[in-house]
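Below is the file model-v9.pdb, which contains PDB, C-alpha atoms.
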```
ATOM      1  CA  MET A 164       2.602   9.355  10.369
ATOM      2  CA  LYS A 165       5.262  10.588  12.740
ATOM      3  CA  LYS A 166       6.400   7.341  14.355
ATOM      4  CA  ILE A 167       6.509   3.659  13.381
ATOM      5  CA  THR A 168       7.563   0.602  15.352
ATOM      6  CA  ILE A 169       9.404  -2.334  13.791
ATOM      7  CA  ILE A 170       9.580  -5.580  15.743
ATOM      8  CA  GLY A 171      12.755  -7.398  14.773
ATOM      9  CA  GLY A 172      16.276  -6.127  14.161
ATOM     10  CA  GLY A 173      17.375  -8.662  11.548
ATOM     11  CA  SER A 174      18.251  -7.812   7.963
ATOM     12  CA  TRP A 175      14.665  -7.331   6.731
ATOM     13  CA  GLY A 176      13.509  -5.368   9.782
ATOM     14  CA  THR A 177      16.537  -3.095   9.514
ATOM     15  CA  ALA A 178      16.078  -2.634   5.763
ATOM     16  CA  LEU A 179      12.410  -1.680   6.199
ATOM     17  CA  GLY A 180      13.425   0.673   8.971
ATOM     18  CA  LYS A 181      15.833   2.378   6.585
ATOM     19  CA  VAL A 182      13.115   2.716   3.917
ATOM     20  CA  LEU A 183      10.789   4.435   6.386
ATOM     21  CA  ALA A 184      13.345   6.512   8.282
ATOM     22  CA  SER A 185      14.649   7.904   4.994
ATOM     23  CA  LYS A 186      11.264   9.586   4.646
ATOM     24  CA  GLU A 187      11.939  11.539   7.860
ATOM     25  CA  ILE A 188       9.638   9.256   9.868
ATOM     26  CA  GLU A 189      10.786   8.360  13.383
ATOM     27  CA  VAL A 190      11.376   4.597  13.396
ATOM     28  CA  SER A 191      11.814   2.618  16.603
ATOM     29  CA  LEU A 192      13.446  -0.750  15.957
ATOM     30  CA  LEU A 193      12.830  -3.230  18.778
ATOM     31  CA  VAL A 194      15.811  -5.596  18.994
ATOM     32  CA  ARG A 195      16.813  -8.443  21.324
ATOM     33  CA  ARG A 196      20.534  -7.924  21.760
ATOM     34  CA  GLU A 197      22.240  -4.959  23.370
ATOM     35  CA  VAL A 198      25.207  -5.182  21.002
ATOM     36  CA  VAL A 199      22.888  -4.771  17.996
ATOM     37  CA  CYS A 200      21.115  -1.871  19.686
ATOM     38  CA  ASP A 201      24.376  -0.070  20.458
ATOM     39  CA  SER A 202      25.778  -0.571  16.969
ATOM     40  CA  ILE A 203      22.684   0.887  15.310
ATOM     41  CA  ASN A 204      22.444   3.868  17.649
ATOM     42  CA  LYS A 205      26.130   4.725  17.953
ATOM     43  CA  GLU A 206      27.576   3.659  14.620
ATOM     44  CA  LYS A 207      24.350   3.961  12.521
ATOM     45  CA  GLU A 208      24.998   0.480  11.150
ATOM     46  CA  ASN A 209      23.772  -3.052  11.810
ATOM     47  CA  PRO A 210      27.055  -4.948  11.247
ATOM     48  CA  PHE A 211      25.537  -8.298  12.159
ATOM     49  CA  TYR A 212      22.872  -8.341   9.451
ATOM     50  CA  LEU A 213      23.527  -5.454   7.039
ATOM     51  CA  PRO A 214      27.250  -4.667   7.270
ATOM     52  CA  GLY A 215      28.443  -1.638   5.391
ATOM     53  CA  ILE A 216      24.979  -0.039   5.102
ATOM     54  CA  LYS A 217      24.682   3.378   6.744
ATOM     55  CA  LEU A 218      21.351   3.928   8.496
ATOM     56  CA  PRO A 219      19.362   7.198   8.763
ATOM     57  CA  LYS A 220      19.390   9.291  11.929
ATOM     58  CA  LYS A 221      15.640   8.797  12.310
ATOM     59  CA  LEU A 222      16.130   5.044  12.775
ATOM     60  CA  LYS A 223      16.786   4.215  16.414
ATOM     61  CA  ALA A 224      17.066   0.803  18.031
ATOM     62  CA  THR A 225      15.772   0.010  21.489
ATOM     63  CA  LEU A 226      15.479  -2.831  23.978
ATOM     64  CA  ASP A 227      12.711  -1.043  25.868
ATOM     65  CA  LEU A 228       9.118  -1.995  25.026
ATOM     66  CA  GLU A 229       7.527   1.252  26.185
ATOM     67  CA  GLU A 230      10.030   3.290  24.217
ATOM     68  CA  ALA A 231       9.415   1.208  21.115
ATOM     69  CA  PHE A 232       5.631   1.571  21.206
ATOM     70  CA  GLY A 233       5.266   5.060  22.683
ATOM     71  CA  ASN A 234       3.240   7.294  20.293
ATOM     72  CA  SER A 235       3.582   4.713  17.520
ATOM     73  CA  GLU A 236       1.014   4.804  14.711
ATOM     74  CA  ALA A 237       1.948   1.567  12.920
ATOM     75  CA  VAL A 238       3.732  -1.658  13.786
ATOM     76  CA  PHE A 239       5.685  -3.816  11.341
ATOM     77  CA  TRP A 240       6.188  -7.402  12.516
ATOM     78  CA  VAL A 241       9.475  -8.732  11.107
ATOM     79  CA  ILE A 242      10.348 -11.779  13.211
ATOM     80  CA  PRO A 243      10.454 -15.560  12.613
ATOM     81  CA  SER A 244       6.956 -17.018  12.252
ATOM     82  CA  HIS A 245       7.396 -19.475  15.124
ATOM     83  CA  THR A 246       8.028 -16.622  17.590
ATOM     84  CA  LEU A 247       5.022 -14.454  16.680
ATOM     85  CA  ARG A 248       2.351 -15.957  18.952
ATOM     86  CA  GLN A 249       4.455 -15.677  22.084
ATOM     87  CA  MET A 250       5.751 -12.243  21.125
ATOM     88  CA  LEU A 251       2.250 -10.915  20.461
ATOM     89  CA  GLU A 252       1.013 -12.281  23.761
ATOM     90  CA  GLY A 253       3.735 -10.422  25.639
ATOM     91  CA  LEU A 254       3.312  -7.196  23.675
ATOM     92  CA  LYS A 255      -0.475  -7.212  23.437
ATOM     93  CA  PRO A 256      -1.168  -4.420  25.981
ATOM     94  CA  LEU A 257       1.104  -2.143  23.955
ATOM     95  CA  ALA A 258       0.328  -3.440  20.472
ATOM     96  CA  GLU A 259      -3.443  -3.124  20.772
ATOM     97  CA  ARG A 260      -3.105   0.652  21.194
ATOM     98  CA  VAL A 261      -1.784   0.895  17.614
ATOM     99  CA  LYS A 262      -4.239   0.862  14.713
ATOM    100  CA  TYR A 263      -2.054  -0.367  11.835
ATOM    101  CA  HIS A 264      -0.164  -3.666  11.857
ATOM    102  CA  VAL A 265       1.832  -5.027   8.931
ATOM    103  CA  SER A 266       3.200  -8.568   8.808
ATOM    104  CA  ALA A 267       6.420  -8.893   6.825
ATOM    105  CA  ILE A 268       6.812 -12.518   7.954
ATOM    106  CA  LYS A 269       7.054 -15.282   5.344
ATOM    107  CA  GLY A 270       6.184 -18.447   7.216
ATOM    108  CA  ILE A 271       3.412 -20.476   8.869
ATOM    109  CA  ASP A 272       3.204 -21.327  12.580
ATOM    110  CA  LEU A 273       4.093 -24.994  13.036
ATOM    111  CA  GLU A 274       1.899 -25.700  16.068
ATOM    112  CA  THR A 275      -1.324 -23.984  14.970
ATOM    113  CA  GLN A 276      -0.789 -24.130  11.175
ATOM    114  CA  LYS A 277      -1.931 -20.498  11.100
ATOM    115  CA  THR A 278      -0.330 -17.701   9.120
ATOM    116  CA  PRO A 279       0.952 -14.530  10.841
ATOM    117  CA  TYR A 280      -2.034 -12.646   9.394
ATOM    118  CA  HIS A 281      -4.462 -14.975  11.163
ATOM    119  CA  ILE A 282      -2.477 -14.837  14.410
ATOM    120  CA  LEU A 283      -2.468 -11.039  14.403
ATOM    121  CA  ARG A 284      -6.137 -10.884  13.408
ATOM    122  CA  GLU A 285      -7.137 -13.147  16.291
ATOM    123  CA  GLY A 286      -4.835 -11.551  18.853
ATOM    124  CA  LEU A 287      -5.594  -7.878  18.195
ATOM    125  CA  PRO A 288      -8.834  -5.917  18.715
ATOM    126  CA  ASP A 289     -11.313  -5.545  15.852
ATOM    127  CA  GLY A 290     -10.365  -1.887  15.453
ATOM    128  CA  CYS A 291      -6.840  -2.778  14.332
ATOM    129  CA  GLU A 292      -6.056  -2.976  10.628
ATOM    130  CA  VAL A 293      -3.827  -5.928   9.707
ATOM    131  CA  MET A 294      -1.957  -6.088   6.392
ATOM    132  CA  VAL A 295       0.662  -8.280   4.745
ATOM    133  CA  LEU A 296       3.804  -7.193   2.893
ATOM    134  CA  GLY A 297       5.182  -9.634   0.326
ATOM    135  CA  GLY A 298       7.048  -9.909  -2.943
ATOM    136  CA  PRO A 299      10.629 -10.363  -4.192
ATOM    137  CA  SER A 300      12.734  -8.322  -1.811
ATOM    138  CA  PHE A 301      16.174  -9.339  -0.590
ATOM    139  CA  ALA A 302      16.888  -7.104   2.400
ATOM    140  CA  LYS A 303      20.442  -6.301   1.318
ATOM    141  CA  GLU A 304      19.303  -4.973  -2.064
ATOM    142  CA  VAL A 305      16.508  -2.900  -0.530
ATOM    143  CA  ALA A 306      18.975  -1.442   1.966
ATOM    144  CA  LYS A 307      21.261  -0.520  -0.968
ATOM    145  CA  GLU A 308      18.268   1.230  -2.565
ATOM    146  CA  LEU A 309      18.291  -1.018  -5.618
ATOM    147  CA  PRO A 310      14.965  -1.062  -7.537
ATOM    148  CA  THR A 311      12.437  -3.358  -5.847
ATOM    149  CA  ALA A 312       8.713  -3.975  -6.285
ATOM    150  CA  VAL A 313       6.580  -5.440  -3.492
ATOM    151  CA  VAL A 314       2.899  -5.928  -2.753
ATOM    152  CA  LEU A 315       0.929  -4.776   0.285
ATOM    153  CA  ALA A 316      -2.320  -6.636   0.940
ATOM    154  CA  GLY A 317      -5.236  -5.656   3.153
ATOM    155  CA  GLU A 318      -8.982  -6.197   3.287
ATOM    156  CA  LYS A 319      -9.880  -2.484   3.193
ATOM    157  CA  GLU A 320      -8.461  -0.742   0.144
ATOM    158  CA  ASP A 321      -8.653   2.771   1.576
ATOM    159  CA  GLU A 322      -6.623   1.724   4.619
ATOM    160  CA  THR A 323      -4.184  -0.307   2.521
ATOM    161  CA  LYS A 324      -3.628   2.712   0.298
ATOM    162  CA  LYS A 325      -2.555   4.795   3.318
ATOM    163  CA  ILE A 326       0.196   2.349   4.246
ATOM    164  CA  GLN A 327       1.111   1.865   0.580
ATOM    165  CA  GLU A 328       1.809   5.581   0.272
ATOM    166  CA  LEU A 329       3.609   5.582   3.620
ATOM    167  CA  ILE A 330       6.241   3.010   2.691
ATOM    168  CA  ALA A 331       6.688   3.662  -1.038
ATOM    169  CA  GLN A 332       9.983   5.131  -2.236
ATOM    170  CA  PRO A 333      11.252   5.858  -5.765
ATOM    171  CA  TYR A 334      13.346   2.676  -5.532
ATOM    172  CA  PHE A 335      10.765   0.740  -3.469
ATOM    173  CA  ARG A 336       7.600   0.428  -5.534
ATOM    174  CA  VAL A 337       4.568  -0.814  -3.616
ATOM    175  CA  TYR A 338       1.498  -2.337  -5.275
ATOM    176  CA  ARG A 339      -1.838  -2.942  -3.535
ATOM    177  CA  SER A 340      -3.732  -6.209  -3.160
ATOM    178  CA  GLU A 341      -7.023  -7.232  -1.543
ATOM    179  CA  ASP A 342      -5.739 -10.750  -0.804
ATOM    180  CA  PRO A 343      -3.669 -10.845   2.400
ATOM    181  CA  ILE A 344      -4.139 -14.596   2.769
ATOM    182  CA  GLY A 345      -2.892 -15.319  -0.754
ATOM    183  CA  VAL A 346       0.102 -12.994  -0.407
ATOM    184  CA  GLU A 347       1.056 -14.601   2.887
ATOM    185  CA  ILE A 348       0.586 -18.199   1.765
ATOM    186  CA  ALA A 349       2.599 -17.530  -1.404
ATOM    187  CA  GLY A 350       5.418 -15.998   0.637
ATOM    188  CA  ALA A 351       5.575 -19.036   2.905
ATOM    189  CA  LEU A 352       5.282 -21.784   0.291
ATOM    190  CA  LYS A 353       7.933 -20.388  -2.058
ATOM    191  CA  ASN A 354      10.521 -20.981   0.675
ATOM    192  CA  VAL A 355       9.971 -24.739   0.484
ATOM    193  CA  ILE A 356      10.370 -24.705  -3.295
ATOM    194  CA  ALA A 357      13.525 -22.595  -2.862
ATOM    195  CA  ILE A 358      15.072 -25.372  -0.777
ATOM    196  CA  ALA A 359      14.287 -27.790  -3.608
ATOM    197  CA  SER A 360      15.857 -25.382  -6.115
ATOM    198  CA  GLY A 361      18.997 -25.144  -4.008
ATOM    199  CA  ILE A 362      19.240 -28.930  -3.865
ATOM    200  CA  CYS A 363      18.805 -29.023  -7.644
ATOM    201  CA  ASP A 364      21.720 -26.635  -8.160
ATOM    202  CA  GLY A 365      23.825 -28.331  -5.494
ATOM    203  CA  LEU A 366      23.434 -31.596  -7.385
ATOM    204  CA  GLN A 367      24.339 -29.773 -10.620
ATOM    205  CA  LEU A 368      21.175 -30.963 -12.367
ATOM    206  CA  GLY A 369      21.256 -28.068 -14.829
ATOM    207  CA  LEU A 370      19.176 -25.054 -15.807
ATOM    208  CA  ASN A 371      16.467 -27.125 -17.522
ATOM    209  CA  ALA A 372      15.817 -28.943 -14.260
ATOM    210  CA  ARG A 373      15.715 -25.748 -12.229
ATOM    211  CA  ALA A 374      13.281 -24.043 -14.616
ATOM    212  CA  SER A 375      11.029 -27.103 -14.570
ATOM    213  CA  LEU A 376      11.163 -27.270 -10.783
ATOM    214  CA  ILE A 377      10.230 -23.607 -10.362
ATOM    215  CA  THR A 378       7.305 -23.967 -12.754
ATOM    216  CA  ARG A 379       5.979 -27.129 -11.156
ATOM    217  CA  GLY A 380       6.602 -25.601  -7.750
ATOM    218  CA  LEU A 381       4.300 -22.740  -8.670
ATOM    219  CA  ILE A 382       1.602 -25.291  -9.498
ATOM    220  CA  GLU A 383       1.940 -26.775  -6.016
ATOM    221  CA  MET A 384       1.741 -23.327  -4.438
ATOM    222  CA  ILE A 385      -1.464 -22.626  -6.362
ATOM    223  CA  ARG A 386      -3.016 -25.967  -5.426
ATOM    224  CA  LEU A 387      -2.563 -25.474  -1.695
ATOM    225  CA  GLY A 388      -2.823 -21.680  -1.658
ATOM    226  CA  THR A 389      -6.246 -21.571  -3.309
ATOM    227  CA  LYS A 390      -7.478 -24.354  -1.003
ATOM    228  CA  LEU A 391      -6.493 -22.177   1.961
ATOM    229  CA  GLY A 392      -8.420 -19.187   0.629
ATOM    230  CA  GLY A 393      -5.868 -17.362  -1.489
ATOM    231  CA  LYS A 394      -6.949 -15.895  -4.823
ATOM    232  CA  LEU A 395      -5.547 -17.488  -7.959
ATOM    233  CA  HIS A 396      -4.220 -14.280  -9.524
ATOM    234  CA  THR A 397      -2.104 -13.549  -6.448
ATOM    235  CA  PHE A 398       0.127 -16.517  -7.218
ATOM    236  CA  TYR A 399       0.936 -15.128 -10.665
ATOM    237  CA  GLY A 400       1.971 -11.790  -9.170
ATOM    238  CA  LEU A 401       4.830 -10.398  -7.096
ATOM    239  CA  ALA A 402       4.076 -12.405  -3.948
ATOM    240  CA  GLY A 403       3.840 -15.666  -5.890
ATOM    241  CA  LEU A 404       5.792 -15.982  -9.122
ATOM    242  CA  GLY A 405       7.957 -12.927  -8.406
ATOM    243  CA  ASP A 406       9.166 -14.036  -4.994
ATOM    244  CA  LEU A 407       9.415 -17.654  -6.142
ATOM    245  CA  VAL A 408      11.794 -16.831  -9.006
ATOM    246  CA  LEU A 409      13.955 -14.609  -6.794
ATOM    247  CA  THR A 410      14.215 -17.069  -3.933
ATOM    248  CA  CYS A 411      14.874 -20.057  -6.214
ATOM    249  CA  THR A 412      17.666 -18.392  -8.174
ATOM    250  CA  GLY A 413      19.276 -15.880  -5.811
ATOM    251  CA  ALA A 414      22.308 -16.791  -3.726
ATOM    252  CA  LEU A 415      21.161 -14.288  -1.065
ATOM    253  CA  SER A 416      18.234 -16.587  -0.229
ATOM    254  CA  ARG A 417      18.793 -18.492   3.022
ATOM    255  CA  ASN A 418      16.346 -21.196   1.945
ATOM    256  CA  TYR A 419      18.130 -21.660  -1.382
ATOM    257  CA  GLN A 420      21.447 -21.872   0.456
ATOM    258  CA  VAL A 421      20.111 -24.554   2.805
ATOM    259  CA  GLY A 422      19.086 -26.646  -0.202
ATOM    260  CA  TYR A 423      22.313 -25.973  -2.105
ATOM    261  CA  ARG A 424      24.452 -27.092   0.811
ATOM    262  CA  ILE A 425      22.345 -30.225   1.282
ATOM    263  CA  GLY A 426      22.868 -30.953  -2.413
ATOM    264  CA  LYS A 427      26.604 -30.651  -1.806
ATOM    265  CA  GLY A 428      26.426 -33.235   0.974
ATOM    266  CA  GLU A 429      26.217 -31.173   4.179
ATOM    267  CA  LYS A 430      23.938 -32.172   7.054
ATOM    268  CA  LEU A 431      20.877 -30.034   7.841
ATOM    269  CA  GLU A 432      21.846 -29.692  11.507
ATOM    270  CA  ASP A 433      25.260 -28.261  10.629
ATOM    271  CA  ILE A 434      23.768 -25.885   8.069
ATOM    272  CA  LEU A 435      21.179 -24.478  10.468
ATOM    273  CA  LYS A 436      23.795 -23.939  13.180
ATOM    274  CA  SER A 437      25.842 -21.809  10.781
ATOM    275  CA  LEU A 438      22.965 -19.488   9.787
ATOM    276  CA  ARG A 439      22.574 -16.128  11.491
ATOM    277  CA  GLU A 440      18.912 -15.864  10.559
ATOM    278  CA  VAL A 441      16.051 -18.332  10.224
ATOM    279  CA  ALA A 442      15.447 -20.238   6.989
ATOM    280  CA  GLU A 443      11.648 -20.306   7.212
ATOM    281  CA  GLY A 444      11.249 -23.010   4.577
ATOM    282  CA  VAL A 445      12.577 -25.729   6.890
ATOM    283  CA  LYS A 446       9.761 -25.452   9.434
ATOM    284  CA  THR A 447       7.240 -24.553   6.741
ATOM    285  CA  SER A 448       7.900 -27.853   4.965
ATOM    286  CA  LYS A 449       6.477 -29.658   8.020
ATOM    287  CA  VAL A 450       3.354 -27.500   7.984
ATOM    288  CA  VAL A 451       2.918 -27.984   4.230
ATOM    289  CA  LYS A 452       3.131 -31.757   4.562
ATOM    290  CA  ASN A 453       0.389 -31.729   7.231
ATOM    291  CA  LEU A 454      -1.848 -29.327   5.321
ATOM    292  CA  ALA A 455      -1.447 -31.196   2.035
ATOM    293  CA  TYR A 456      -2.469 -34.457   3.717
ATOM    294  CA  LYS A 457      -5.377 -32.836   5.539
ATOM    295  CA  LEU A 458      -6.719 -31.069   2.436
ATOM    296  CA  LYS A 459      -5.863 -33.917   0.026
ATOM    297  CA  VAL A 460      -3.623 -31.730  -2.140
ATOM    298  CA  GLU A 461      -0.939 -33.330  -4.280
ATOM    299  CA  MET A 462       2.433 -31.630  -3.645
ATOM    300  CA  PRO A 463       5.178 -34.024  -4.730
ATOM    301  CA  ILE A 464       8.056 -31.517  -4.696
ATOM    302  CA  CYS A 465       7.200 -30.276  -1.203
ATOM    303  CA  GLU A 466       6.779 -33.872  -0.046
ATOM    304  CA  GLU A 467      10.268 -34.776  -1.243
ATOM    305  CA  VAL A 468      11.756 -31.689   0.416
ATOM    306  CA  TYR A 469      10.220 -32.900   3.682
ATOM    307  CA  GLN A 470      11.671 -36.376   3.114
ATOM    308  CA  VAL A 471      15.157 -34.935   2.608
ATOM    309  CA  LEU A 472      14.972 -32.605   5.610
ATOM    310  CA  PHE A 473      13.291 -34.779   8.212
ATOM    311  CA  GLU A 474      13.369 -38.406   7.053
ATOM    312  CA  LYS A 475      17.033 -38.229   5.985
ATOM    313  CA  GLU A 476      16.253 -39.493   2.476
ATOM    314  CA  SER A 477      19.004 -38.877  -0.068
ATOM    315  CA  PRO A 478      18.280 -36.107  -2.600
ATOM    316  CA  GLN A 479      19.128 -38.533  -5.385
ATOM    317  CA  LYS A 480      16.487 -41.019  -4.226
ATOM    318  CA  CYS A 481      13.870 -38.265  -3.946
ATOM    319  CA  LEU A 482      14.762 -37.024  -7.431
ATOM    320  CA  LYS A 483      14.280 -40.523  -8.837
ATOM    321  CA  ARG A 484      10.834 -40.761  -7.225
ATOM    322  CA  LEU A 485       9.797 -37.399  -8.679
ATOM    323  CA  LEU A 486      10.894 -38.309 -12.193
ATOM    324  CA  SER A 487       9.293 -41.754 -12.137
ATOM    325  CA  ARG A 488       5.796 -40.536 -11.274
ATOM    326  CA  GLY A 489       2.948 -41.333 -13.665
ATOM    327  CA  LEU A 490       2.475 -39.098 -16.707
ATOM    328  CA  LYS A 491      -0.444 -36.628 -16.656
ATOM    329  CA  LYS A 492      -1.877 -33.384 -18.007
ATOM    330  CA  GLU A 493       0.136 -30.277 -17.212
ATOM    331  CA  PHE A 494      -2.554 -28.471 -15.223
ATOM    332  CA  GLU A 495      -4.213 -31.504 -13.656
ATOM    333  CA  GLY A 496      -5.687 -30.682 -10.252
ATOM    334  CA  CYS A 497      -4.861 -26.975 -10.523
ATOM    335  CA  LEU A 498      -6.875 -23.842 -11.186
ATOM    336  CA  VAL A 499      -5.689 -21.785 -14.153
ATOM    337  CA  LEU A 500      -6.387 -18.244 -15.273
TER
END
```

Could you express the structure from this file as structure tokens?
Amino acid sequence: MKKITIIGGGSWGTALGKVLASKEIEVSLLVRREVVCDSINKEKENPFYLPGIKLPKKLKATLDLEEAFGNSEAVFWVIPSHTLRQMLEGLKPLAERVKYHVSAIKGIDLETQKTPYHILREGLPDGCEVMVLGGPSFAKEVAKELPTAVVLAGEKEDETKKIQELIAQPYFRVYRSEDPIGVEIAGALKNVIAIASGICDGLQLGLNARASLITRGLIEMIRLGTKLGGKLHTFYGLAGLGDLVLTCTGALSRNYQVGYRIGKGEKLEDILKSLREVAEGVKTSKVVKNLAYKLKVEMPICEEVYQVLFEKESPQKCLKRLLSRGLKKEFEGCLVL
């Protein structure tokens, strides 16, 4: 491919642009703000989201839709999940000309309770190939070319393989999957558990507590994810366990930081105002609560995260409720390999 379009000039969109442009592919990065556009094109740096990282000459930012999509052969969607429907609607005449579309979004639309994969599938013509990119991948580390493994999921293996080979780098190892729904659901749900993990660390509950929370969080992801059509093995792979461990233990995670600061006593409203980029887990916790109720799935950790975020319950009270639940089998109500 000679040209690729990336929608979204945040840290992850810029990092993916660097991965692709380093392979001498022309990358057009569609951004919202003129100051970001000018910085990338004139200084070859995105100081707002990836300061100190030099960007390749082949990566160019633009505010112009026609310029972004002209002669493009693939589109990577790297924007907050709640903006995708409206963005796709506005870009549809341009986007539907492009065959390959990759969602690198880790969230679920609050209003429709649909994943980005479903939104793109429904909004684009049948001839378009839609895939999902997931796995443990902090943008800053990818931009620094530190070793990273991710997973690319699509329904048609031959088409998925083409994009796999397109984006792979020696430091950016890409695996294939046939489960785009599972990869996407895993990527969204782990953000809610990451908020819980941050709260756990903010309260200084210890490493035993955090390890237990991550493990039980994975069980909740599997319960809901398989109900929504994801394949069990996906949740034990890079998109599930891999991304969960990273996001629940890494200080670079926005969702972890939201939880950590809540655990230290800060108010959610103040935390969100201070963030430069979206912490997807906050909105996703609302969706998860609704889906769990609708599908009759037991998700106690996610439920308590919702209570802390939106019902103003104290983390200590939620912790007490979790620990006082009835005793049961470890894998009760959950598929296992």

When distances are computed from all atoms listed in the file, which of A:Gln367, A:Gln332, A:Ser477, A:Ser375 shows the smallest separation from A:Lys181? A:Gln332

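From atom CA of A:Glu322 back to atom CA of A:Lys221, the distance works out to 24.6 Å.
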
Report as a count of residues only the full result of the PyMOL selection byres ((chain A and resi 399) around 12) when it is applied to this structure. 28

Of the candidates A:Pro219, A:Gly173, A:Gly428, A:Pro343, which one gets nearest to A:Ile188 if we count all atoms listed in the file? A:Pro219

Name all residues at most 9 Å from A:Leu183 (count all atoms listed in the file; drop same-chain ones fewer than 2 positions away) and give them as a list in words. Ile167, Ala178, Leu179, Gly180, Lys181, Ser185, Lys186, Glu187, Ile188, Glu189, Val190, Lys221, Leu222, Leu329, Ile330, Ala331 and Gln332 of chain A

Using all atoms listed in the file, find the one residue out of A:Ile344, A:Ala316, A:Met462, A:Leu431 that sits nearest to A:Thr389. A:Ile344

Could you check how far atom CA of A:Asn354 sits from atom CA of A:Leu192, in Å to one decimal? 25.5 Å

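Residue neighbourhood of A:Ile271, excluding near-sequence residues (fewer than 2 positions): A:Ser244, A:His245, A:Ile268, A:Lys269, A:Leu273, A:Thr275, A:Gln276, A:Lys277, A:Thr278, A:Pro279, A:Glu347, A:Ile348, A:Ala351, A:Leu352, A:Glu443, A:Lys446, A:Thr447, A:Val450, A:Val451, at 9 Å, using all atoms listed in the file.
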
Those same residues, written as an mmCIF file, keeping the file's coordinate frame with C-alpha atoms?
```cif
data_model
loop_
_atom_site.group_PDB
_atom_site.id
_atom_site.type_symbol
_atom_site.label_atom_id
_atom_site.label_comp_id
_atom_site.auth_asym_id
_atom_site.auth_seq_id
_atom_site.Cartn_x
_atom_site.Cartn_y
_atom_site.Cartn_z
ATOM 1 C CA SER A 244 6.956 -17.018 12.252
ATOM 2 C CA HIS A 245 7.396 -19.475 15.124
ATOM 3 C CA ILE A 268 6.812 -12.518 7.954
ATOM 4 C CA LYS A 269 7.054 -15.282 5.344
ATOM 5 C CA LEU A 273 4.093 -24.994 13.036
ATOM 6 C CA THR A 275 -1.324 -23.984 14.970
ATOM 7 C CA GLN A 276 -0.789 -24.130 11.175
ATOM 8 C CA LYS A 277 -1.931 -20.498 11.100
ATOM 9 C CA THR A 278 -0.330 -17.701 9.120
ATOM 10 C CA PRO A 279 0.952 -14.530 10.841
ATOM 11 C CA GLU A 347 1.056 -14.601 2.887
ATOM 12 C CA ILE A 348 0.586 -18.199 1.765
ATOM 13 C CA ALA A 351 5.575 -19.036 2.905
ATOM 14 C CA LEU A 352 5.282 -21.784 0.291
ATOM 15 C CA GLU A 443 11.648 -20.306 7.212
ATOM 16 C CA LYS A 446 9.761 -25.452 9.434
ATOM 17 C CA THR A 447 7.240 -24.553 6.741
ATOM 18 C CA VAL A 450 3.354 -27.500 7.984
ATOM 19 C CA VAL A 451 2.918 -27.984 4.230
#
```

Counting all atoms listed in the file, what is within 9 Å of A:Val194, bar same-chain residues fewer than 2 positions away, as JSON, numbers by chain? {"A": [169, 170, 171, 172, 173, 192, 196, 197, 199, 200, 224, 225, 226, 227]}

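Of note, atom CA of A:Gly426 and atom CA of A:Pro243 are spaced 24.8 Å apart.
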
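Using only C-alpha atoms, the smallest distance between any of A:Leu368, A:Ala306, A:Ala442, A:Val460 and A:Leu218 comes from A:Ala306.
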
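Of the residues under consideration (A:Val295, A:Ala184, A:Leu376, A:Leu283), A:Val295 shows the shortest atom-to-atom contact distance to A:Glu341 when counting only C-alpha atoms.
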
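The residues caught by the PyMOL selection byres ((chain A and resi 372) around 12) in this file are Ala359, Ser360, Gly361, Ile362, Cys363, Asp364, Gly365, Leu366, Gln367, Leu368, Gly369, Leu370, Asn371, Arg373, Ala374, Ser375, Leu376, Ile377, Thr378, Arg379, Gly380, Leu482, Leu485 and Leu486 of chain A.
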